[in-house]
Amino acid sequence: MTSKPNRLPKTVGYLLLLALALLTIIPFYSMFVMATYNSYEIFEFNGLPSTFALENLRSVLDMKEMGRFFLNSIVVSAASVFIGGLVTAACGYGLAKFEFKGRGFLFATILFTMMVPTQLGLVAYVWEMKIFGLSNTLIPAILPFLSMGFGAFWMTQFIRDAVPNELMESARIDAAGEFRIFASIIMPVITPAVYTLSLLLLIWSWNSFLVPLLTLNDTKLYTLPLGITMFNSMYASDNGAKIMALSLATLPVLLVYVLFANKLMDGLTAGAVKG
């Protein structure tokens with residue numbers, strides 16, 4: 001006589017995951033609901049939508065610079081995702097598959113940058129951008145995401161485990177150059193990791209606030225996080241309109257995440273099981 005499997009641990013696991021999912025969703029739900037409140041109702045939040053959504057949306061749309069802020073954020077995020085993804089993938093490929101003098105030191109330096117808080121280098125970074133004449137441009141907002149230590153480390157570890165050396169040797173026997181190997185062989189193999197890193201770069205660059213705040217003085221160059229703060233002065237701290245703007249700024253990131261969630265999971269779990 002066989003005993004029935006104990007389903008209690010699985011049930012408890014599902015309930016725990018459900019609770020974590022609710023804890024993750026509640027802040028987003030609260031933000032979208034508060035976007036329908038006026039500035040006074042926000043302090044009496046009851047979890048139910050109100051009737052000021054159109055007024056708040058009108059206040060956001062009446063801000064003529066909002067379209068420019070949105071475009072600036074798109075430029076910063078697009079450059080960070082495409083250039084940053086390519087640079088970190090190439091760096092990971094070099095560190096994972098090539099033997100050269102100083103490789104260990106370079107990899108250790110990358111690990112060190114991951115342990116040091118980025119805020120410690122902001123003063124030097126702002127000074128450096130001023131020396132090179134890049135202040136008050138979008139370039140300082142893009143550069144931190146083009147050579148992230150985490151991106152290089154992620155790609156190095158993924159390529160080291162996912163790309164067999166025999167695959168590269170076969171391509172070299174067929175007279176393929178290193179650039180062709182990287183573009184035609186390595187990149188298709190590491191697509192899951194590229195998708196994962198690209199989504200992270202998109203989120204980080206889209207939400208970046210501190211670096212643009214310190215390097216941008218011209219309001220025409222403001223990104224969305226900076227532009228939304230202008231509601232404090234232009235609309236007498238219209239918190240309802242501000243939260244509506246935050247909700248609209250969050251929608252593109254949520255949409256991209258929903259569309260590419262499977263790719264993100266593939267990249268996170270690709271190296272979890274080795275055969």
# chains A, B, ... in the order shown; residues from 1 in each chain; ligands from 1
>>> residues_around(residues="Arg160 of chain A", least_positions_apart="5", cutoff="10 Å", atoms="only C-alpha atoms", output="ChimeraX atom specification")
/A:92-93,95-97,155,165
>>> write_last_selection(atoms="N, CA and C atoms", output="CSV table (one decimal), in the first residue's frame")
chain,number,residue,atom,x,y,z
A,92,GLY,N,33.1,40.5,-21.6
A,92,GLY,CA,32.9,39.2,-21.0
A,92,GLY,C,33.5,38.1,-21.9
A,93,TYR,N,33.4,38.3,-23.2
A,93,TYR,CA,34.0,37.3,-24.1
A,93,TYR,C,35.5,37.3,-24.0
A,95,LEU,N,37.4,38.2,-21.4
A,95,LEU,CA,37.8,37.7,-20.1
A,95,LEU,C,37.6,36.2,-19.9
A,96,ALA,N,36.5,35.7,-20.6
A,96,ALA,CA,36.2,34.3,-20.4
A,96,ALA,C,37.0,33.4,-21.3
A,97,LYS,N,37.3,33.8,-22.5
A,97,LYS,CA,37.9,32.9,-23.5
A,97,LYS,C,39.3,33.2,-24.0
A,155,MET,N,28.4,38.7,-17.9
A,155,MET,CA,28.8,38.2,-19.2
A,155,MET,C,29.9,37.2,-19.1
A,165,ASN,N,34.7,25.8,-25.8
A,165,ASN,CA,35.9,26.2,-26.6
A,165,ASN,C,35.9,25.5,-27.9
>>> atom_distance(atom1="atom CA of Phe43 of chain A", atom2="atom CA of Leu255 of chain A")
28.9 Å
>>> atom_distance(atom1="atom CA of Thr229 of chain A", atom2="atom CA of Phe70 of chain A")
13.7 Å
>>> closest_residue(among="A:Ala89, A:Val123, A:Val253, A:Ala53", to="Leu200 of chain A", atoms="only C-alpha atoms")
A:Val253
>>> select_by_dssp(residues="segment 2-218 of chain A", states="helix (DSSP H, G or I)", output="ChimeraX atom specification")
/A:8-34,41-44,53-62,66-97,103-115,118-131,139-145,149-162,165-173,178-189,191-206,210-215
>>> residues_around(residues="Ala171 of chain A", least_positions_apart="4", cutoff="10 Å", atoms="only C-alpha atoms", output="mmCIF file with C-alpha atoms, in the first residue's frame")
data_model
loop_
_atom_site.group_PDB
_atom_site.id
_atom_site.type_symbol
_atom_site.label_atom_id
_atom_site.label_comp_id
_atom_site.auth_asym_id
_atom_site.auth_seq_id
_atom_site.Cartn_x
_atom_site.Cartn_y
_atom_site.Cartn_z
ATOM 1 C CA GLU A 166 35.411 23.566 -29.257
ATOM 2 C CA LEU A 167 32.817 25.782 -30.936
ATOM 3 C CA ALA A 175 39.140 30.730 -41.123
ATOM 4 C CA ALA A 176 36.607 32.826 -39.226
ATOM 5 C CA GLY A 177 38.027 35.966 -37.603
ATOM 6 C CA GLU A 178 37.487 36.890 -33.978
ATOM 7 C CA ARG A 180 32.969 37.219 -36.936
ATOM 8 C CA ILE A 181 33.100 34.566 -34.224
ATOM 9 C CA SER A 184 27.928 35.153 -35.577
ATOM 10 C CA ILE A 185 28.586 32.508 -32.930
#
>>> closest_residue(among="A:Ile159, A:Leu210, A:Leu71, A:Leu61", to="Ile190 of chain A", atoms="only C-alpha atoms")
A:Ile159
>>> decode(residues="segment 164-189 of chain A", atoms="N, CA and C atoms", output="PDB file, in the first residue's frame")
ATOM      1  N   PRO A 164      31.205  26.577 -25.386  1.00  0.00           N
ATOM      2  CA  PRO A 164      32.322  25.605 -25.367  1.00  0.00           C
ATOM      3  C   PRO A 164      33.482  26.093 -26.235  1.00  0.00           C
ATOM      4  N   ASN A 165      34.688  25.811 -25.795  1.00  0.00           N
ATOM      5  CA  ASN A 165      35.876  26.222 -26.558  1.00  0.00           C
ATOM      6  C   ASN A 165      35.939  25.522 -27.913  1.00  0.00           C
ATOM      7  N   GLU A 166      35.387  24.306 -27.991  1.00  0.00           N
ATOM      8  CA  GLU A 166      35.411  23.566 -29.257  1.00  0.00           C
ATOM      9  C   GLU A 166      34.639  24.312 -30.349  1.00  0.00           C
ATOM     10  N   LEU A 167      33.601  25.020 -29.961  1.00  0.00           N
ATOM     11  CA  LEU A 167      32.817  25.782 -30.936  1.00  0.00           C
ATOM     12  C   LEU A 167      33.651  26.889 -31.554  1.00  0.00           C
ATOM     13  N   MET A 168      34.432  27.552 -30.747  1.00  0.00           N
ATOM     14  CA  MET A 168      35.297  28.621 -31.250  1.00  0.00           C
ATOM     15  C   MET A 168      36.436  28.047 -32.090  1.00  0.00           C
ATOM     16  N   GLU A 169      37.007  26.934 -31.652  1.00  0.00           N
ATOM     17  CA  GLU A 169      38.104  26.333 -32.406  1.00  0.00           C
ATOM     18  C   GLU A 169      37.635  25.877 -33.784  1.00  0.00           C
ATOM     19  N   SER A 170      36.434  25.348 -33.866  1.00  0.00           N
ATOM     20  CA  SER A 170      35.886  24.929 -35.165  1.00  0.00           C
ATOM     21  C   SER A 170      35.741  26.120 -36.096  1.00  0.00           C
ATOM     22  N   ALA A 171      35.295  27.246 -35.546  1.00  0.00           N
ATOM     23  CA  ALA A 171      35.149  28.443 -36.366  1.00  0.00           C
ATOM     24  C   ALA A 171      36.508  28.971 -36.833  1.00  0.00           C
ATOM     25  N   ARG A 172      37.516  28.891 -35.977  1.00  0.00           N
ATOM     26  CA  ARG A 172      38.847  29.351 -36.369  1.00  0.00           C
ATOM     27  C   ARG A 172      39.453  28.433 -37.438  1.00  0.00           C
ATOM     28  N   ILE A 173      39.169  27.138 -37.353  1.00  0.00           N
ATOM     29  CA  ILE A 173      39.644  26.216 -38.395  1.00  0.00           C
ATOM     30  C   ILE A 173      39.033  26.572 -39.741  1.00  0.00           C
ATOM     31  N   ASP A 174      37.791  27.068 -39.710  1.00  0.00           N
ATOM     32  CA  ASP A 174      37.120  27.487 -40.947  1.00  0.00           C
ATOM     33  C   ASP A 174      37.501  28.896 -41.361  1.00  0.00           C
ATOM     34  N   ALA A 175      38.577  29.422 -40.760  1.00  0.00           N
ATOM     35  CA  ALA A 175      39.140  30.730 -41.123  1.00  0.00           C
ATOM     36  C   ALA A 175      38.251  31.892 -40.718  1.00  0.00           C
ATOM     37  N   ALA A 176      37.432  31.726 -39.714  1.00  0.00           N
ATOM     38  CA  ALA A 176      36.607  32.826 -39.226  1.00  0.00           C
ATOM     39  C   ALA A 176      37.438  33.707 -38.305  1.00  0.00           C
ATOM     40  N   GLY A 177      37.324  35.025 -38.468  1.00  0.00           N
ATOM     41  CA  GLY A 177      38.027  35.966 -37.603  1.00  0.00           C
ATOM     42  C   GLY A 177      37.337  36.114 -36.263  1.00  0.00           C
ATOM     43  N   GLU A 178      38.031  36.759 -35.330  1.00  0.00           N
ATOM     44  CA  GLU A 178      37.487  36.890 -33.978  1.00  0.00           C
ATOM     45  C   GLU A 178      36.216  37.732 -33.961  1.00  0.00           C
ATOM     46  N   PHE A 179      36.168  38.788 -34.766  1.00  0.00           N
ATOM     47  CA  PHE A 179      34.965  39.622 -34.798  1.00  0.00           C
ATOM     48  C   PHE A 179      33.778  38.841 -35.360  1.00  0.00           C
ATOM     49  N   ARG A 180      34.047  38.020 -36.366  1.00  0.00           N
ATOM     50  CA  ARG A 180      32.969  37.219 -36.936  1.00  0.00           C
ATOM     51  C   ARG A 180      32.512  36.145 -35.952  1.00  0.00           C
ATOM     52  N   ILE A 181      33.462  35.562 -35.236  1.00  0.00           N
ATOM     53  CA  ILE A 181      33.100  34.566 -34.224  1.00  0.00           C
ATOM     54  C   ILE A 181      32.214  35.195 -33.149  1.00  0.00           C
ATOM     55  N   PHE A 182      32.604  36.390 -32.724  1.00  0.00           N
ATOM     56  CA  PHE A 182      31.836  37.071 -31.689  1.00  0.00           C
ATOM     57  C   PHE A 182      30.435  37.415 -32.175  1.00  0.00           C
ATOM     58  N   ALA A 183      30.326  37.950 -33.398  1.00  0.00           N
ATOM     59  CA  ALA A 183      29.027  38.403 -33.908  1.00  0.00           C
ATOM     60  C   ALA A 183      28.140  37.244 -34.341  1.00  0.00           C
ATOM     61  N   SER A 184      28.733  36.215 -34.970  1.00  0.00           N
ATOM     62  CA  SER A 184      27.928  35.153 -35.577  1.00  0.00           C
ATOM     63  C   SER A 184      27.751  33.927 -34.701  1.00  0.00           C
ATOM     64  N   ILE A 185      28.642  33.727 -33.745  1.00  0.00           N
ATOM     65  CA  ILE A 185      28.586  32.508 -32.930  1.00  0.00           C
ATOM     66  C   ILE A 185      28.311  32.836 -31.458  1.00  0.00           C
ATOM     67  N   ILE A 186      29.116  33.735 -30.889  1.00  0.00           N
ATOM     68  CA  ILE A 186      28.991  34.023 -29.463  1.00  0.00           C
ATOM     69  C   ILE A 186      27.663  34.710 -29.146  1.00  0.00           C
ATOM     70  N   MET A 187      27.336  35.758 -29.889  1.00  0.00           N
ATOM     71  CA  MET A 187      26.126  36.523 -29.583  1.00  0.00           C
ATOM     72  C   MET A 187      24.855  35.677 -29.654  1.00  0.00           C
ATOM     73  N   PRO A 188      24.656  34.839 -30.669  1.00  0.00           N
ATOM     74  CA  PRO A 188      23.446  33.995 -30.660  1.00  0.00           C
ATOM     75  C   PRO A 188      23.388  33.033 -29.474  1.00  0.00           C
ATOM     76  N   VAL A 189      24.561  32.544 -29.035  1.00  0.00           N
ATOM     77  CA  VAL A 189      24.569  31.599 -27.922  1.00  0.00           C
ATOM     78  C   VAL A 189      24.216  32.287 -26.604  1.00  0.00           C
TER      79      VAL A 189
END
